[in-house]
Amino acid sequence: MPQMGESIAEGTIVRWIKKVGDKVDRDEPLFEISTDKVDAEIPSPAAGVVSEIRVKEGETVPVNSVVAVIGLAVAAASAPAALADKEAGSKAPAPPPPAHYHDRDEPTQVAVVAAPSTASAGRTPATVEKAHAGSTDYAIRERSSPLVRKIAKEHSVDIGQIHGTGIAGRVTKDDILGYIGQDGRTAERQDSKAPAGALVPAAIPFKPGASDHVEKMSVMRKRIAEHMVVSRRTSAHVHSVFEVNFWRIAKIREAKKAEFERSGAKLTYMSFIIKAVIDALRAVPIVNASVDGDTIVYHKDINVGIAVALDWGLIVPVIKHADEKNLVGLSRAVVDLATRARGKQLKPDEVAGGTFTITNPGVFGALFGMPIISQPQVAILGVGNVEKRPVVIDDAIAIRPMAYLTLGYDHRVIDGAVADEFMSIVKTSLENWDPNAV
Amino acid sequence: MPQDYDVIVIGAGTGGYVAAIRAAQLGLKTAVVEKQKALGGTCLLWGCIPTKALLEHAHALKVVQHANEWGVTIADASTGSGPARVGIDMNQVQTRKDRVVTGLTKGVEFLFKKNKIDWIKGTARLTGNGGVDVFEGEKQTLRARKEIIVATGSTPRGVPGIEIDRARIITSDEAISLRDVPKTLVIMGSGAVGVEFASIFNRFGSDVTIVELLPRLVPVEDEAVSGELEKAFRKQGITSHTGAKVTGAKVNGGRVDVDVRLADGTTKNIRADYLLVATGRGPVTTGLNAEGVGLQIEEGYIKVDTLFRTNVPGISAVGDVITFGAPGHPQLAHVSSAEGILTAERIAGQETRPINYDHVPGCTYCDPEIGSVGLTEAEAKARGFDVRVGTFPFGVLGRAKMAQETDGFVKIVADRKYDELLGVHMIGPRSTELVAEATVALRLESTVEELIRTIHAHPTFAEAIGEAAHALHGTAIHS
């Protein structure tokens, strides 16, 4: 199980793309995983034949566990006599760690990540001789620092099980803290908050009927479920709905569409909305903030999360430093993140660090939504369907493309007047867009 | 026809020249563009090297001033007690300092030849897609096949309202070349530059006043270090005004009138020979066309990621000219060279790991010296550690008594939970050398226990580190 990010300790095998006996090329997709943060297809680290699958679909294992064994078909067939231990010689663990975690002159690197019980089987032919020489392998696994040994002792952790990212596979402080699933300090902080959890009422028990279909929640579903409940419990949610006239934006889009398409970009309503939101966030900084205990943290960066619906759930990739992008850049970023979200190509840090979120229930026809805040943010914008409606303009009835925009905000820190000020700015910029500012 | 290189480095300071040598070692065809007459940049020409050369002169003078105590006899000064009547010959000081600087810049030139690095003389302008135009006389056109490394460095920066005329209101660039000892010198800012020049000129005989805006001297250091330096400066006759502001400075008949608003709100006028503005350094990007090629600039600095890539593919930047966004990036020669090496290795396709900036040692060569690495006590507390502190004074050590350098201490900051070493802060003799031990210890994720079990040779100044570690566990032997 590869390490997908510093804070990710385990992953679930969602699907085996290759089965036992299948031939696999290096870098060909081997299996699909789901972790706390992202879903991803994992490429094979080596070419060969899948000789063993150790972790079934749906099972969750810690990072660096051996999940399958790829046999080196050629080596086993052409030089069997040369290998004293056929079992050991013909197998390589899969997947080995990304190569960059190790210095190139460490031939035994694969053993670093192999779980101890499988270490003897987890060697490439090239390393067999070395292993006979003695405990080199063990010594490498034991490479750590005094601090790491101290932490390991306190938590009764076998350092040999930890994937080292330091020089020559050395286990560092970050590695072991990641392994034991905590940054020592934040874990304590969470502990002290734990009693709050006791206030959650227990779910009402029920028994599924004979005709019901029972399915285990996916990792992503569990995460969404937890997050939504936590958010509802954390923030004092209030919603405010504004109606926005998109007549001007529609005209600008019409006028510039061809020009933008020529440069390969799409000029969507969403890019205008993001831009308007960024200006409003700058004008009303409390909306771009977080609550930490009894302090308010105002974020300098404006990182806008965009909720992307997936067939199997929901993910919120983040446009980092959104305020540094122009309309085209924003539009491109949205398309890029959404495409990669659907292709399971997002990196963990691309779904982290958001300071404000925009969700677009309008694409599914919703008039407006009442979105739940993505923690630890304090506000979220829901965009309703843009549709033509009769409106009164200068005492006459006109047909205009209109949409309802909803701000869901945390009343702990944002008062109604402030939220409405924010929304007024968004509305005013969208309704009075300067066609030259495109 | 452009001249083709694998790597073009802009700037031959510590960041640039080290990056170039490392790139050349790794088999990359490398050129360095530098507009100055000599290689080495700020560090060699106006920074680390010349100032520390001057400090050695100051130290030599200090020993001779106390010749009587040492039992060293000097003609005409061997009678009576107290400081011997000795003086400093600034012309000889400058000659020797220049010799040291020239020797080192020639050394860099030699290293360039040895590694077959081309020095392209002139000012570089980025033209996009790996292109670099160099202007000096005729325009030369270069092209980088792999990467351009911008290492254009920094220059002393003034403050609004104080006009630097480089004659009476000067920066460190001018201060290193003074051929007279000012009678009175006012220094604005008490960072490394400010306090080092305070020590130099105080020793040479100037009446030195420091004006620091923040509430303590050397504000980036641990508070205890600031306190100790202020005490030592007071003993040496250096006046420090902290929490004070220079509100105006006017050159008046070959001198300068400096208006200061003190911490208590009262104002003071100091008539000085020079006002040295040492309030920090700003980035140099003049003529580079950084914005033209789309480089992301933040407050004048070039924005890079943790592997020193800018937002424009094919352009990296290292050293004083870069920023990671908040918080600030340390402007230190040894940081620049570490960044240069890492960047060259990355360009050559080697695996690189980001630098841990919590493990960057800082050395300030004032008297007494300051060496520090890691978190200060306040920083460690702010990050939520359960902090334990151990302090040991140099004055107790035999070695310090022999050298008659008994000011200062070693202070160790650690986390109680895992005994993790978080920071080591020293002020006192040889602190700038002793910090190396602490830096290795931090780099290897040492615990305080490891420092205790490390045998420190006797008699040395380094014993203070072992004793401070003992003190942290409440077991100091000699205090």
# chains A, B, ... in the order shown; residues from 1 in each chain; ligands from 1
>>> interface_residues(of="chain B", to="chain A", cutoff="7 Å", atoms="only C-alpha atoms", output="list in words")
Glu351, Gly384, Tyr418, Glu420, Leu444, Glu445, Ser446 and Thr447 of chain B
>>> write_last_selection(atoms="N, CA and C atoms", output="mmCIF file, in the first residue's frame")
data_model
loop_
_atom_site.group_PDB
_atom_site.id
_atom_site.type_symbol
_atom_site.label_atom_id
_atom_site.label_comp_id
_atom_site.auth_asym_id
_atom_site.auth_seq_id
_atom_site.Cartn_x
_atom_site.Cartn_y
_atom_site.Cartn_z
ATOM 1 N N GLU B 351 17.217 12.816 -7.019
ATOM 2 C CA GLU B 351 16.106 12.980 -6.088
ATOM 3 C C GLU B 351 16.514 13.968 -5.015
ATOM 4 N N GLY B 384 3.211 24.721 20.456
ATOM 5 C CA GLY B 384 2.463 23.785 21.279
ATOM 6 C C GLY B 384 3.312 22.739 21.977
ATOM 7 N N TYR B 418 9.065 13.763 24.347
ATOM 8 C CA TYR B 418 9.992 12.769 23.795
ATOM 9 C C TYR B 418 11.455 13.165 24.015
ATOM 10 N N GLU B 420 12.828 15.599 22.814
ATOM 11 C CA GLU B 420 13.322 16.057 21.510
ATOM 12 C C GLU B 420 14.052 17.388 21.626
ATOM 13 N N LEU B 444 20.079 15.206 12.990
ATOM 14 C CA LEU B 444 19.963 13.773 13.247
ATOM 15 C C LEU B 444 18.842 13.456 14.226
ATOM 16 N N GLU B 445 17.974 14.425 14.457
ATOM 17 C CA GLU B 445 16.830 14.223 15.348
ATOM 18 C C GLU B 445 17.275 13.680 16.700
ATOM 19 N N SER B 446 18.212 14.374 17.286
ATOM 20 C CA SER B 446 18.764 13.935 18.560
ATOM 21 C C SER B 446 17.815 14.255 19.715
ATOM 22 N N THR B 447 17.954 13.490 20.771
ATOM 23 C CA THR B 447 17.283 13.850 22.020
ATOM 24 C C THR B 447 18.319 14.545 22.906
#
>>> residues_around(residues="Gly107 (chain B)", least_positions_apart="3", cutoff="12 Å", atoms="only C-alpha atoms", output="ChimeraX atom specification")
/B:17,38-40,44,100-104,110-114
>>> select_by_dssp(residues="region 9-134 of chain B", states="strand (DSSP E or B)", output="PyMOL selection string")
chain B and resi 9-10+30-34+118-121+123-128+131-134
>>> closest_residue(among="B:Ala60, B:Ile341, B:Val193, B:Val225", to="Arg22 (chain B)", atoms="only C-alpha atoms")
B:Ile341
>>> residues_around(residues="Asp415 (chain B)", least_positions_apart="4", cutoff="6 Å", atoms="only C-alpha atoms", output="VMD selection string")
chain B and resid 385 to 388 419 to 420
>>> write_last_selection(atoms="C-alpha atoms", output="PDB file, in the first residue's frame")
ATOM      1  CA  PHE B 385       5.477  21.908  22.648  1.00  0.00           C
ATOM      2  CA  ASP B 386       5.734  21.197  26.353  1.00  0.00           C
ATOM      3  CA  VAL B 387       8.996  23.101  26.636  1.00  0.00           C
ATOM      4  CA  ARG B 388      11.934  22.362  28.903  1.00  0.00           C
ATOM      5  CA  ASP B 419      13.054  14.679  25.060  1.00  0.00           C
ATOM      6  CA  GLU B 420      13.322  16.057  21.510  1.00  0.00           C
TER       7      GLU B 420
END
